[in-house]
Each structure stands twice: as structure tokens, then as C-alpha cells.
>>> print(open('run.cif').read())   # mmCIF, C-alpha atoms
data_work
#
loop_
_atom_site.label_atom_id
_atom_site.label_comp_id
_atom_site.auth_asym_id
_atom_site.auth_seq_id
_atom_site.Cartn_x
_atom_site.Cartn_y
_atom_site.Cartn_z
CA MET A 1 1.88 -50.71 19.93
CA LYS A 2 -1.29 -48.90 20.73
CA ILE A 3 -2.47 -45.75 19.00
CA ASP A 4 -4.18 -43.40 21.42
CA PRO A 5 -5.19 -40.30 19.44
CA ILE A 6 -7.18 -38.95 22.40
CA HIS A 7 -4.27 -38.89 24.82
CA GLN A 8 -3.03 -35.57 23.41
CA PHE A 9 -6.18 -33.81 24.63
CA ASN A 10 -5.75 -34.82 28.28
CA ILE A 11 -5.73 -32.03 30.80
CA GLU A 12 -2.81 -32.58 33.18
CA PRO A 13 -2.82 -30.47 36.33
CA LEU A 14 0.65 -29.11 36.99
CA PHE A 15 -0.09 -27.57 40.38
CA THR A 16 -3.12 -26.46 42.32
CA ILE A 17 -3.94 -22.77 42.53
CA GLY A 18 -6.88 -22.90 44.88
CA HIS A 19 -10.48 -23.97 45.34
CA ILE A 20 -13.81 -22.47 44.32
CA GLY A 21 -16.45 -24.35 46.26
CA ASN A 22 -15.71 -28.01 45.69
CA GLN A 23 -13.85 -27.33 42.47
CA THR A 24 -10.09 -27.56 42.51
CA ILE A 25 -8.62 -24.83 40.35
CA ALA A 26 -5.37 -26.15 38.93
CA PHE A 27 -2.72 -24.70 36.73
CA THR A 28 -2.87 -27.25 33.91
CA ASN A 29 -0.97 -27.93 30.70
CA SER A 30 -3.80 -26.02 29.01
CA SER A 31 -3.09 -23.00 31.25
CA LEU A 32 0.59 -23.26 30.37
CA TYR A 33 -0.13 -23.13 26.63
CA MET A 34 -2.58 -20.26 27.12
CA PHE A 35 0.17 -18.24 28.75
CA ILE A 36 2.64 -19.37 26.08
CA ALA A 37 0.22 -17.98 23.44
CA VAL A 38 -0.08 -14.72 25.40
CA ALA A 39 3.70 -14.45 25.76
CA LEU A 40 4.38 -15.23 22.09
CA THR A 41 1.78 -12.70 20.97
CA ALA A 42 3.26 -10.08 23.28
CA VAL A 43 6.79 -10.77 22.02
CA LEU A 44 5.59 -10.69 18.43
CA MET A 45 3.76 -7.39 18.84
CA LEU A 46 6.26 -5.64 21.10
CA GLY A 47 9.64 -7.09 20.17
CA GLY A 48 9.76 -5.88 16.61
CA GLY A 49 11.23 -2.41 16.98
CA ARG A 50 9.70 0.77 15.64
CA GLN A 51 11.74 1.55 12.55
CA LEU A 52 10.47 3.71 9.72
CA VAL A 53 11.55 0.94 7.35
CA PRO A 54 10.46 -2.25 9.15
CA GLY A 55 12.58 -5.37 9.47
CA ARG A 56 11.09 -8.85 9.18
CA PHE A 57 10.05 -9.09 12.82
CA GLN A 58 8.41 -5.67 12.81
CA SER A 59 6.76 -6.47 9.47
CA VAL A 60 4.99 -9.50 10.95
CA ALA A 61 3.56 -7.34 13.73
CA GLU A 62 2.46 -4.66 11.27
CA ILE A 63 1.01 -7.18 8.82
CA SER A 64 -1.02 -8.74 11.67
CA TYR A 65 -2.25 -5.28 12.65
CA GLU A 66 -3.17 -4.29 9.11
CA PHE A 67 -4.73 -7.68 8.40
CA VAL A 68 -7.11 -7.57 11.35
CA ALA A 69 -7.82 -3.86 10.86
CA SER A 70 -8.73 -4.31 7.20
CA THR A 71 -10.88 -7.33 8.04
CA ILE A 72 -12.85 -5.24 10.53
CA ARG A 73 -13.16 -2.26 8.18
CA SER A 74 -14.42 -4.41 5.33
CA THR A 75 -17.01 -6.34 7.36
CA ALA A 76 -18.13 -3.99 10.15
CA GLY A 77 -17.16 -0.58 8.76
CA SER A 78 -14.98 2.00 10.45
CA GLU A 79 -17.26 2.01 13.50
CA GLY A 80 -16.20 -1.58 14.06
CA MET A 81 -12.71 -0.31 14.89
CA LYS A 82 -14.04 0.27 18.41
CA PHE A 83 -13.70 -3.49 18.83
CA PHE A 84 -10.27 -3.67 17.23
CA PRO A 85 -8.47 -4.66 20.47
CA LEU A 86 -11.04 -7.38 21.20
CA ILE A 87 -10.98 -8.89 17.72
CA PHE A 88 -7.20 -8.57 17.49
CA THR A 89 -6.83 -10.34 20.85
CA LEU A 90 -9.21 -13.12 19.79
CA PHE A 91 -7.50 -13.58 16.45
CA MET A 92 -3.94 -13.58 17.78
CA PHE A 93 -4.80 -15.76 20.78
CA ILE A 94 -6.48 -18.42 18.63
CA CYS A 95 -4.02 -18.18 15.75
CA VAL A 96 -0.88 -18.36 17.89
CA SER A 97 -2.19 -21.14 20.12
CA ASN A 98 -3.35 -23.14 17.09
CA LEU A 99 0.02 -22.77 15.40
CA VAL A 100 1.86 -23.71 18.58
CA GLY A 101 -0.44 -26.72 18.88
CA ILE A 102 0.81 -28.17 15.59
CA ILE A 103 4.31 -28.62 17.05
CA PRO A 104 4.53 -32.28 18.16
CA TYR A 105 4.07 -32.96 21.89
CA THR A 106 2.36 -29.63 22.46
CA PHE A 107 -1.18 -29.04 23.62
CA THR A 108 -3.85 -27.32 21.55
CA ILE A 109 -6.05 -25.23 23.80
CA SER A 110 -8.80 -24.69 21.22
CA SER A 111 -9.32 -28.45 21.01
CA HIS A 112 -11.40 -28.09 24.18
CA ILE A 113 -15.01 -27.06 23.74
CA ILE A 114 -15.04 -25.15 27.01
CA VAL A 115 -12.38 -22.75 25.73
CA THR A 116 -13.99 -22.12 22.35
CA ALA A 117 -17.41 -21.86 23.97
CA ALA A 118 -16.12 -19.28 26.44
CA LEU A 119 -14.70 -17.20 23.59
CA ALA A 120 -17.88 -17.59 21.53
CA PHE A 121 -20.06 -16.52 24.47
CA LEU A 122 -17.75 -13.56 25.06
CA VAL A 123 -18.52 -12.47 21.48
CA PHE A 124 -22.22 -13.31 21.82
CA PHE A 125 -22.70 -11.23 24.96
CA THR A 126 -20.56 -8.41 23.59
CA VAL A 127 -22.86 -8.27 20.56
CA LEU A 128 -26.02 -8.53 22.66
CA ILE A 129 -25.02 -5.95 25.31
CA TYR A 130 -23.43 -3.46 22.91
CA GLY A 131 -26.33 -3.84 20.47
CA ILE A 132 -28.93 -3.05 23.11
CA TYR A 133 -26.78 -0.32 24.70
CA LYS A 134 -26.24 1.44 21.38
CA ASN A 135 -29.58 0.91 19.63
CA GLY A 136 -32.01 0.21 22.47
CA LEU A 137 -35.03 -1.74 21.28
CA LYS A 138 -34.13 -1.04 17.66
CA PHE A 139 -31.49 -3.73 18.09
CA PHE A 140 -34.23 -6.35 17.83
CA LYS A 141 -34.85 -5.25 14.25
CA ILE A 142 -32.18 -7.76 13.30
CA PHE A 143 -34.85 -10.40 13.86
CA VAL A 144 -37.28 -8.67 11.48
CA PRO A 145 -35.82 -8.61 7.98
CA SER A 146 -37.30 -5.89 5.83
CA GLY A 147 -39.23 -6.70 2.68
CA VAL A 148 -40.67 -9.97 3.96
CA PRO A 149 -44.42 -10.53 3.36
CA ILE A 150 -46.38 -10.30 6.60
CA TYR A 151 -47.82 -13.83 6.43
CA ILE A 152 -44.41 -15.52 6.55
CA LEU A 153 -42.87 -12.96 8.89
CA PRO A 154 -43.52 -14.99 12.08
CA LEU A 155 -41.76 -17.98 10.56
CA VAL A 156 -38.82 -15.85 9.39
CA MET A 157 -38.59 -14.20 12.79
CA PHE A 158 -38.58 -17.57 14.50
CA ILE A 159 -35.73 -18.74 12.25
CA GLU A 160 -33.80 -15.50 12.76
CA ILE A 161 -34.13 -15.68 16.55
CA LEU A 162 -33.17 -19.34 16.57
CA SER A 163 -30.13 -18.71 14.38
CA PHE A 164 -29.10 -15.76 16.57
CA PHE A 165 -29.13 -17.88 19.70
CA LEU A 166 -27.40 -20.77 17.96
CA ARG A 167 -24.55 -18.49 16.90
CA PRO A 168 -22.36 -19.21 19.94
CA VAL A 169 -22.85 -22.93 19.36
CA SER A 170 -21.78 -22.89 15.70
CA HIS A 171 -19.10 -20.30 16.45
CA SER A 172 -17.48 -22.46 19.12
CA VAL A 173 -18.08 -25.93 17.69
CA ARG A 174 -16.59 -24.94 14.33
CA LEU A 175 -13.24 -24.08 15.89
CA PHE A 176 -13.29 -26.88 18.43
CA ALA A 177 -14.24 -29.60 15.94
CA ASN A 178 -11.73 -28.47 13.34
CA MET A 179 -8.85 -28.52 15.77
CA LEU A 180 -9.94 -31.76 17.43
CA ALA A 181 -10.49 -33.64 14.17
CA GLY A 182 -7.29 -32.36 12.61
CA HIS A 183 -5.19 -33.40 15.56
CA ILE A 184 -6.83 -36.81 15.79
CA ALA A 185 -6.21 -37.40 12.08
CA LEU A 186 -2.58 -36.33 12.45
CA LYS A 187 -2.09 -38.63 15.41
CA VAL A 188 -3.75 -41.59 13.69
CA PHE A 189 -1.63 -41.33 10.54
CA ALA A 190 1.56 -40.70 12.51
CA GLY A 191 0.69 -43.70 14.68
CA PHE A 192 0.38 -45.91 11.60
CA VAL A 193 4.03 -45.27 10.75
CA ALA A 194 5.27 -46.50 14.11
CA MET A 195 2.74 -49.35 14.26
CA LEU A 196 3.72 -50.71 10.82
CA GLY A 197 7.40 -50.48 11.65
CA VAL A 198 7.09 -52.23 14.99
CA SER A 199 4.76 -55.01 13.89
CA LEU A 200 6.11 -55.79 10.38
CA GLY A 201 9.80 -54.94 10.69
CA ALA A 202 11.67 -53.83 7.54
CA VAL A 203 8.63 -54.26 5.27
CA GLY A 204 6.61 -52.22 7.70
CA TRP A 205 9.10 -49.37 7.74
CA ILE A 206 8.91 -49.23 3.91
CA GLY A 207 5.14 -49.49 4.07
CA GLY A 208 5.19 -46.63 6.54
CA ILE A 209 6.33 -44.19 3.87
CA LEU A 210 2.77 -43.62 2.71
CA PRO A 211 1.28 -42.68 6.10
CA LEU A 212 4.41 -40.61 6.78
CA ALA A 213 3.84 -38.68 3.56
CA LEU A 214 0.19 -38.27 4.56
CA THR A 215 1.26 -36.99 7.97
CA VAL A 216 3.48 -34.39 6.33
CA ALA A 217 0.66 -33.34 3.98
CA LEU A 218 -1.80 -33.23 6.89
CA THR A 219 0.61 -31.09 8.90
CA ALA A 220 0.67 -28.59 6.06
CA LEU A 221 -3.12 -28.71 5.88
CA GLU A 222 -3.35 -28.23 9.64
CA LEU A 223 -1.10 -25.18 9.41
CA LEU A 224 -3.60 -23.72 6.97
CA VAL A 225 -6.54 -24.77 9.13
CA ALA A 226 -4.92 -23.31 12.24
CA PHE A 227 -4.68 -19.90 10.61
CA LEU A 228 -7.95 -20.18 8.72
CA GLN A 229 -10.02 -21.12 11.77
CA ALA A 230 -8.59 -18.16 13.68
CA TYR A 231 -9.49 -15.95 10.71
CA VAL A 232 -12.97 -17.47 10.46
CA PHE A 233 -13.51 -16.93 14.17
CA ALA A 234 -12.39 -13.29 13.85
CA ILE A 235 -14.40 -12.54 10.71
CA LEU A 236 -17.56 -14.11 12.19
CA THR A 237 -17.00 -11.93 15.26
CA CYS A 238 -16.85 -8.91 12.92
CA ILE A 239 -20.04 -9.97 11.14
CA TYR A 240 -21.88 -10.47 14.44
CA LEU A 241 -20.61 -7.13 15.75
CA ASN A 242 -21.79 -5.51 12.53
CA ASP A 243 -25.32 -6.55 13.56
CA ALA A 244 -24.84 -4.74 16.86
CA ILE A 245 -23.44 -1.62 15.18
CA HIS A 246 -25.83 -1.48 12.22
CA PRO A 247 -29.04 -3.40 13.04
CA GLY A 248 -31.70 -3.54 10.37
CA HIS A 249 -29.43 -4.62 7.57
CA MET B 1 -10.87 -52.71 26.04
CA ALA B 2 -8.82 -55.07 28.14
CA GLU B 3 -8.16 -52.23 30.54
CA LYS B 4 -11.81 -51.70 31.27
CA SER B 5 -11.48 -53.41 34.61
CA GLN B 6 -8.54 -51.16 35.46
CA GLY B 7 -10.34 -48.13 34.10
CA ALA B 8 -13.09 -48.22 36.66
CA PRO B 9 -10.97 -47.55 39.77
CA ALA B 10 -9.03 -44.85 37.86
CA LYS B 11 -12.28 -42.99 37.27
CA GLY B 12 -11.98 -41.31 40.63
CA GLN B 13 -8.86 -39.36 39.71
CA LYS B 14 -9.93 -38.38 36.26
CA THR B 15 -7.55 -35.49 35.90
CA GLY B 16 -5.51 -37.53 33.46
CA ALA B 17 -2.54 -38.69 35.51
CA HIS B 18 -3.38 -42.26 34.52
CA THR B 19 -3.98 -41.69 30.83
CA GLU B 20 -3.92 -45.24 29.52
CA ALA B 21 -6.86 -46.03 31.69
CA ASP B 22 -8.69 -42.86 30.67
CA GLY B 23 -8.23 -43.66 27.00
CA GLY B 24 -9.78 -47.02 27.64
CA HIS B 25 -13.33 -45.88 28.22
CA HIS B 26 -14.58 -43.30 25.78
CA GLY B 27 -17.64 -41.22 26.41
CA GLY B 28 -17.03 -40.21 29.99
CA GLY B 29 -13.27 -40.22 29.46
CA PHE B 30 -13.13 -38.00 26.39
CA PRO B 31 -10.99 -35.13 27.71
CA PRO B 32 -12.77 -32.21 25.99
CA PHE B 33 -16.03 -33.27 27.63
CA GLU B 34 -14.64 -33.85 31.13
CA SER B 35 -16.52 -31.25 33.07
CA SER B 36 -14.22 -31.53 36.08
CA THR B 37 -11.49 -29.73 34.10
CA PHE B 38 -13.76 -26.89 32.95
CA ALA B 39 -13.31 -24.63 35.97
CA SER B 40 -9.52 -24.78 35.82
CA GLN B 41 -9.52 -24.04 32.11
CA LEU B 42 -11.98 -21.18 32.46
CA VAL B 43 -9.99 -19.52 35.24
CA SER B 44 -6.78 -19.77 33.23
CA LEU B 45 -8.54 -18.61 30.08
CA VAL B 46 -9.97 -15.54 31.80
CA ILE B 47 -6.59 -14.60 33.27
CA ALA B 48 -4.71 -15.24 30.02
CA PHE B 49 -7.28 -13.55 27.82
CA VAL B 50 -7.61 -10.46 30.00
CA ALA B 51 -3.82 -10.21 30.23
CA LEU B 52 -3.50 -10.45 26.45
CA TYR B 53 -6.35 -7.98 25.98
CA LEU B 54 -4.63 -5.46 28.24
CA ILE B 55 -1.25 -5.95 26.55
CA VAL B 56 -2.82 -5.62 23.11
CA SER B 57 -5.12 -2.68 23.79
CA ARG B 58 -2.81 -0.67 26.09
CA ILE B 59 0.62 -1.26 24.58
CA ALA B 60 0.82 -3.29 21.39
CA LEU B 61 -1.85 -1.76 19.18
CA PRO B 62 -1.14 1.92 20.03
CA ARG B 63 2.54 1.25 19.46
CA VAL B 64 2.25 -0.59 16.15
CA GLY B 65 -0.51 1.77 15.00
CA GLY B 66 1.66 4.75 15.92
CA VAL B 67 4.57 3.38 13.91
CA ILE B 68 2.30 2.78 10.91
CA ASP B 69 0.80 6.27 11.20
CA ALA B 70 4.25 7.84 11.56
CA ARG B 71 5.38 6.02 8.43
CA GLN B 72 2.26 7.10 6.56
CA ASN B 73 2.83 10.70 7.63
CA ALA B 74 6.51 10.54 6.68
CA ILE B 75 5.65 9.16 3.24
CA GLU B 76 2.95 11.76 2.71
CA GLY B 77 5.25 14.54 3.92
CA ASP B 78 8.05 13.37 1.64
CA LEU B 79 5.68 13.12 -1.29
CA ALA B 80 4.33 16.61 -0.59
CA ALA B 81 7.88 17.99 -0.31
CA ALA B 82 8.84 16.25 -3.55
CA GLN B 83 5.75 17.66 -5.26
CA LYS B 84 6.59 21.11 -3.94
CA LEU B 85 10.16 20.88 -5.20
CA LYS B 86 8.90 19.63 -8.54
CA ASP B 87 6.48 22.55 -8.80
CA GLU B 88 9.24 24.94 -7.86
CA SER B 89 11.60 23.56 -10.48
CA ALA B 90 8.82 23.67 -13.07
CA ALA B 91 8.15 27.32 -12.16
CA ALA B 92 11.88 28.09 -12.35
CA LEU B 93 12.07 26.45 -15.75
CA LYS B 94 9.09 28.46 -16.94
CA ALA B 95 10.61 31.71 -15.63
CA TYR B 96 13.91 30.84 -17.29
CA GLU B 97 12.14 30.14 -20.57
CA ALA B 98 10.21 33.40 -20.35
CA ASP B 99 13.44 35.28 -19.59
CA LEU B 100 15.14 33.56 -22.49
CA ALA B 101 12.29 34.42 -24.84
CA SER B 102 12.20 38.07 -23.79
CA ALA B 103 16.01 38.33 -24.03
CA ARG B 104 15.89 36.81 -27.47
CA SER B 105 13.19 39.21 -28.66
CA ARG B 106 15.07 42.12 -27.14
CA ALA B 107 18.25 41.01 -28.89
CA GLN B 108 16.34 40.81 -32.13
CA ALA B 109 14.88 44.26 -31.59
CA ILE B 110 18.33 45.69 -30.84
CA GLY B 111 19.74 43.97 -33.88
CA ALA B 112 16.99 45.27 -36.13
CA GLU B 113 17.37 48.77 -34.73
CA THR B 114 21.12 48.72 -35.18
CA ARG B 115 20.79 47.39 -38.66
CA GLU B 116 18.31 50.13 -39.54
CA LYS B 117 20.50 52.79 -38.00
CA LEU B 118 23.54 51.55 -39.85
CA ASN B 119 21.56 51.29 -43.04
CA ALA B 120 20.33 54.85 -42.63
CA ALA B 121 23.82 56.10 -41.84
CA SER B 122 25.38 54.35 -44.80
CA GLU B 123 22.55 55.53 -47.00
CA ALA B 124 23.13 59.13 -45.86
CA GLU B 125 26.87 58.81 -46.38
CA ARG B 126 26.31 57.36 -49.81
CA LYS B 127 23.99 60.21 -50.62
CA THR B 128 26.40 62.90 -49.53
CA LEU B 129 29.15 61.14 -51.40
CA GLU B 130 26.97 60.94 -54.47
CA ASP B 131 26.04 64.57 -54.09
CA GLN B 132 29.66 65.53 -53.76
CA LEU B 133 30.56 63.43 -56.71
CA SER B 134 27.76 64.79 -58.81
CA ALA B 135 28.71 68.31 -57.76
CA LYS B 136 32.30 67.61 -58.70
CA LEU B 137 31.11 66.08 -61.95
CA ALA B 138 28.98 69.09 -62.72
CA GLN B 139 31.88 71.39 -61.96
CA ALA B 140 34.16 69.30 -64.08
CA GLU B 141 31.66 69.41 -66.88
CA LYS B 142 31.36 73.13 -66.47
CA THR B 143 35.14 73.48 -66.53
CA ILE B 144 35.31 71.30 -69.58
CA ALA B 145 32.59 73.36 -71.26
CA ALA B 146 34.36 76.60 -70.33
CA THR B 147 37.67 75.29 -71.49
CA ARG B 148 36.07 74.11 -74.67
CA GLU B 149 34.36 77.43 -75.15
CA THR B 150 37.63 79.18 -74.68
CA ALA B 151 39.33 76.68 -76.86
CA MET B 152 36.63 77.11 -79.47
CA SER B 153 36.84 80.87 -79.36
CA ASN B 154 40.61 80.61 -79.64
CA VAL B 155 40.14 78.22 -82.57
CA ARG B 156 37.87 80.78 -84.25
CA GLY B 157 40.32 83.50 -83.69
CA ILE B 158 43.15 81.31 -85.00
CA ALA B 159 40.97 80.21 -87.91
CA ALA B 160 40.07 83.81 -88.76
CA ASP B 161 43.72 84.85 -88.53
CA ALA B 162 44.76 81.84 -90.57
CA ALA B 163 41.97 82.53 -93.11
CA GLY B 164 43.00 86.24 -93.32
CA ALA B 165 46.62 85.25 -93.77
CA ILE B 166 45.72 82.68 -96.43
CA VAL B 167 43.55 85.17 -98.35
CA GLN B 168 46.29 87.87 -98.15
CA ARG B 169 48.84 85.47 -99.43
CA LEU B 170 46.65 84.33 -102.24
CA THR B 171 45.15 87.63 -103.24
CA GLY B 172 47.52 90.04 -101.68
CA VAL B 173 44.57 91.90 -100.27
CA LEU B 174 43.77 91.84 -96.60
CA PRO B 175 40.02 90.98 -96.32
CA ASP B 176 37.95 93.05 -93.96
CA GLY B 177 37.24 91.62 -90.49
CA GLY B 178 33.44 91.32 -90.80
CA ALA B 179 33.44 89.21 -93.91
CA LEU B 180 36.19 87.08 -92.53
CA ASN B 181 34.31 86.44 -89.29
CA SER B 182 31.06 85.50 -90.96
CA ALA B 183 32.86 83.19 -93.35
CA VAL B 184 34.66 81.48 -90.49
CA ASP B 185 31.39 81.16 -88.56
CA ALA B 186 29.66 79.67 -91.60
CA SER B 187 32.36 77.07 -92.04
CA LEU B 188 32.47 76.26 -88.33
CA LYS B 189 28.76 75.72 -88.34
CA GLY B 190 28.93 73.57 -91.37
#
>>> encode(input="run.cif", output="C-alpha cells")
Amino acid sequence: MKIDPIHQFNIEPLFTIGHIGNQTIAFTNSSLYMFIAVALTAVLMLGGGRQLVPGRFQSVAEISYEFVASTIRSTAGSEGMKFFPLIFTLFMFICVSNLVGIIPYTFTISSHIIVTAALAFLVFFTVLIYGIYKNGLKFFKIFVPSGVPIYILPLVMFIEILSFFLRPVSHSVRLFANMLAGHIALKVFAGFVAMLGVSLGAVGWIGGILPLALTVALTALELLVAFLQAYVFAILTCIYLNDAIHPGH
Amino acid sequence: MAEKSQGAPAKGQKTGAHTEADGGHHGGGFPPFESSTFASQLVSLVIAFVALYLIVSRIALPRVGGVIDARQNAIEGDLAAAQKLKDESAAALKAYEADLASARSRAQAIGAETREKLNAASEAERKTLEDQLSAKLAQAEKTIAATRETAMSNVRGIAADAAGAIVQRLTGVLPDGGALNSAVDASLKG
């Protein structure tokens, strides 16, 4: 029996939508799970009723709302609430798709760098365009920290500019690498169970208890990571947007 | 790595239909880095993300936010109403206590007044009674004194008569009135 932990990341075209230049645009398994995440989020946010005393379903929607809203208020201030829909969409999209991805045989869309990079660049350009639109040239004060002696200022500015432009890289790779590594680890340990059982028979099935227990533990860890990475992505978005709203901090 | 020879022809259709072969050669075959799938993913991502953004910003967030605001308002309204009722009941209690206190003081005043009036009336009655009694007493005393005077004067007359009779019997001579009277007076005084 062969363990192939990479197989789960394959993009399988389900049907072709059209062509852009030479590129075939297909509706893939990734697309399917994107729309599943959208549908689940919509059901979650809209299916809960509007009671004065919320039920469980409605509570989940309201807790999500309050959670993201308080995250924005605490990191970007009340002016950051302008970006509430954007950050809420990012958070729910990543969180729901990550959680769906933990279910066996599903596909995890954020395990592809192109998806996380697209989201990270969306945030990056939102920050850049809104920052310049709102503050004009004052936006570039974020590269000039106050209270730095003039003789090391060029060095500090260089580091600040570099870190600003590396933000989309770290922002996207963090999510991508976490999901990729977690799913590979899960697959490897789960594969050990089957491999031991098939190759060693009864002894192998008993020996498989340990990797099975590890798989269960890793699944729990991945549940945490799935939520946490969505939260980290959202809170970093808030922090970056805070730069655009209040430069010079 | 045994599939490496099979992997090479499968490279043409890299979309993942033949996955065993793709898994065989890493590097170029690592799905997240297969640039031929990027366009499809990006198109789907844009459609899905924009759709979710529209659902969230147009419908979901206003709706959930509205419910939360309505609840907040309802709670605040209820709390304000409760506070108002509490204030009202406190004011009513205070008014009741003030009424009670004034009623009590008025009752005390009425009681004191009545007591005083009754005292004065009984005092006056007692006084008139006393006056009447003392008047009666004085009259009685006067009557007694008059009676006594009369009685005394009668006694003197009787004594003088008796003395005259005694002297006549003893001496056979009737003593004259003046001497008799003075002698009786002297003995009465003594």
C-alpha cells in the first residue's frame, strides 16, 4: 500500500467553463469547495432566524458577527468598521473552508498558494489604495517611524519598506503552509494505520492504534489551526488596515 | 519512483486525472505549484469571493446587526422602563410615608388638644363643684352657728330662769333680773 499525502491537493477539473487566451478555465473541485464555503456561510448567516432571544443557530451567526466586529474595533478602531464586510467575508470564507477541509475526502482550498496569495494581495492593495486615497502622501509616513535618530533612519526606512512589501508573502504563505503541512501530517499518520494493517496483519492492526490515536489528536489540532489561521488572517488584515486608517503610528 | 517512466507521458495532461503518475514526480507535479491550474482557481475564487462579499455586505451583516441592535434597544428600553417604575414606586413610598407622618402628627395634635380641652372642662367642673360645695359648707356652718347662737341664747334664758327658780326656792326671794343675768353670763364664760 502506498501513502500519497499529496494526492489530496490535486486539482480535478469537473467541467470546462471557457477559455481565456490559451488558458482553459475549468470548474474544478477547488471551485466546488469555494462555492460550498460560500453557501455554508450564507446559510449560517441567513438561516438563523431573527428572534429577540436567539436560538443556537442564530447565536452562532451573532457570535461570528460580534467576534469579527470586536476584533476590528480592538485593532483598527471604530473607523475600521468601514471594512467590516471585507474582513467578515475573508474570515468566514477561510474559516468555513478550512473547517470543511478537515472532513475526510474533502478538498481544502487554502492549501493552494494561489488562493491565499490572491486573498493576501486583495488585502495588500486595499491597504495601499485606501491608505493613499485617505491620507495622500502622508500615508508613506508608515515607513518613517518617529523618534528614530537620523543616522539610522535610512536603514530603518529600508527595513520598513521591505517588510511592507513582504506582507502579502508572509500573509499568504502562513495560511497556505499551515493548511498544507497539517493535511500532509494527517494523511501520513492516517496512512500508517492502513499500511501497518495491510503489511503486518493482526499485529499491524494492533500496532496501528498509536498512529490512529495520533490522527485523532492531529484532527483536533487541525480544527484549532483551521479556526486560528482564519483568525490570524483576519486580525493581520485589521492590523494592516489600521496602518491605512491611522498612518504614523 | 518506479512510475517515473509512466510519469513522463502523463505530464501533458497535468490536470490531475492520472494522479498516481503525478504523485510520482515531485517538484513539477506538486499540485499547489502547478501554474496551469492557477487561472481556473482565480476565476472561481473571484466569483465565489465577490458573491460571498455581496451576500455578507448586502444581506447578512445588516440583518444580523439589525437583530443585535434591536435586542440592545429592547434591553435598554426595558431597563429604562424598569428604572422608571422603580423610581415611581420609590416616590409613591416616600409620599405615603410623608402622608403617614403628617397624619400621625395631626392625630397627636388632635389628641393633645382634646386632652387639654377635656382637662380644662373637668377642671372647670371640679371648680364649680368645689365652689358649690364650699358655698354649701359655708351656709351649713352659718346655719350651725345661727342654730348654736339661738340654742345658746335659749340656754342662757333657760339657765337664768332655772337660776331664778332655784334662788327663789332656796331663799324665797325672787332675785332681780340684772343680777341674775350677769351671774349667768359669768358662769357661762367660766
>>> interface_residues(input="run.cif", of="chain B", to="chain A", cutoff="10 Å", atoms="all atoms listed in the file", output="ChimeraX atom specification")
/B:14-20,22-24,26,29-68,70-72,74-75
>>> closest_residue(input="run.cif", among="A:Val156, A:Ala217, A:Val123, A:Ile94", to="Leu241 in chain A", atoms="all atoms listed in the file")
A:Val123
>>> atom_distance(input="run.cif", atom1="CA of Ser78 in chain A", atom2="CA of His246 in chain A")
11.5 Å
>>> atom_distance(input="run.cif", atom1="CA of Glu125 in chain B", atom2="CA of Gln139 in chain B")
20.6 Å
>>> residues_around(input="run.cif", residues="Met179 in chain A", least_positions_apart="4", cutoff="10 Å", atoms="all atoms listed in the file", output="PyMOL selection string")
chain A and resi 98+101-102+108-112+173-175+183-185+222+225-226+229
>>> atom_distance(input="run.cif", atom1="CA of Asn242 in chain A", atom2="CA of Gly80 in chain A")
7.0 Å
>>> resolve_selection(input="run.cif", expression="the PyMOL selection byres ((chain B and resi 175-182) around 12)", output="list in words")
Ser153, Arg156, Gly157, Ile158, Ala159, Ala160, Asp161, Ala162, Ala163, Gly164, Ala165, Ile166, Val167, Gln168, Arg169, Leu170, Thr171, Gly172, Val173, Leu174, Ala183, Val184, Asp185, Ala186, Ser187, Leu188 and Lys189 of chain B
>>> residues_around(input="run.cif", residues="Leu186 in chain A", least_positions_apart="5", cutoff="8 Å", atoms="all atoms listed in the file", output="short mmCIF file (atom, residue, chain, number, x, y, z; two decimals) with C-alpha atoms, in the frame of the given file")
data_model
loop_
_atom_site.label_atom_id
_atom_site.label_comp_id
_atom_site.auth_asym_id
_atom_site.auth_seq_id
_atom_site.Cartn_x
_atom_site.Cartn_y
_atom_site.Cartn_z
CA THR A 215 1.26 -36.99 7.97
CA LEU A 218 -1.80 -33.23 6.89
CA THR A 219 0.61 -31.09 8.90
#
>>> axis_aligned_box(input="run.cif", around="range 40-57 of chain B", padding_each_side="6 Å", output="JSON")
{"center_x": -6.6, "center_y": -13.7, "center_z": 29.5, "size_x": 22.7, "size_y": 34.1, "size_z": 24.7}
>>> closest_residue(input="run.cif", among="A:Met157, A:Ala190, A:Ala244, A:Ala230", to="Phe125 in chain A", atoms="all atoms listed in the file")
A:Ala244
>>> closest_residue(input="run.cif", among="A:His171, A:Lys82, A:Lys134, A:Arg56", to="Ile235 in chain A", atoms="all atoms listed in the file")
A:His171
>>> resolve_selection(input="run.cif", expression="the PyMOL selection byres ((chain A and resi 136-152) around 12)", output="PyMOL selection string")
chain A and resi 127-135+153-165+240-249
>>> write_last_selection(input="run.cif", atoms="C-alpha atoms", output="mmCIF file, in the frame of the given file")
data_model
loop_
_atom_site.group_PDB
_atom_site.id
_atom_site.type_symbol
_atom_site.label_atom_id
_atom_site.label_comp_id
_atom_site.auth_asym_id
_atom_site.auth_seq_id
_atom_site.Cartn_x
_atom_site.Cartn_y
_atom_site.Cartn_z
ATOM 1 C CA VAL A 127 -22.860 -8.270 20.560
ATOM 2 C CA LEU A 128 -26.020 -8.530 22.660
ATOM 3 C CA ILE A 129 -25.020 -5.950 25.310
ATOM 4 C CA TYR A 130 -23.430 -3.460 22.910
ATOM 5 C CA GLY A 131 -26.330 -3.840 20.470
ATOM 6 C CA ILE A 132 -28.930 -3.050 23.110
ATOM 7 C CA TYR A 133 -26.780 -0.320 24.700
ATOM 8 C CA LYS A 134 -26.240 1.440 21.380
ATOM 9 C CA ASN A 135 -29.580 0.910 19.630
ATOM 10 C CA LEU A 153 -42.870 -12.960 8.890
ATOM 11 C CA PRO A 154 -43.520 -14.990 12.080
ATOM 12 C CA LEU A 155 -41.760 -17.980 10.560
ATOM 13 C CA VAL A 156 -38.820 -15.850 9.390
ATOM 14 C CA MET A 157 -38.590 -14.200 12.790
ATOM 15 C CA PHE A 158 -38.580 -17.570 14.500
ATOM 16 C CA ILE A 159 -35.730 -18.740 12.250
ATOM 17 C CA GLU A 160 -33.800 -15.500 12.760
ATOM 18 C CA ILE A 161 -34.130 -15.680 16.550
ATOM 19 C CA LEU A 162 -33.170 -19.340 16.570
ATOM 20 C CA SER A 163 -30.130 -18.710 14.380
ATOM 21 C CA PHE A 164 -29.100 -15.760 16.570
ATOM 22 C CA PHE A 165 -29.130 -17.880 19.700
ATOM 23 C CA TYR A 240 -21.880 -10.470 14.440
ATOM 24 C CA LEU A 241 -20.610 -7.130 15.750
ATOM 25 C CA ASN A 242 -21.790 -5.510 12.530
ATOM 26 C CA ASP A 243 -25.320 -6.550 13.560
ATOM 27 C CA ALA A 244 -24.840 -4.740 16.860
ATOM 28 C CA ILE A 245 -23.440 -1.620 15.180
ATOM 29 C CA HIS A 246 -25.830 -1.480 12.220
ATOM 30 C CA PRO A 247 -29.040 -3.400 13.040
ATOM 31 C CA GLY A 248 -31.700 -3.540 10.370
ATOM 32 C CA HIS A 249 -29.430 -4.620 7.570
#
>>> closest_residue(input="run.cif", among="A:Ser172, A:Leu212, A:Ala117, A:Lys187", to="Tyr105 in chain A", atoms="all atoms listed in the file")
A:Lys187
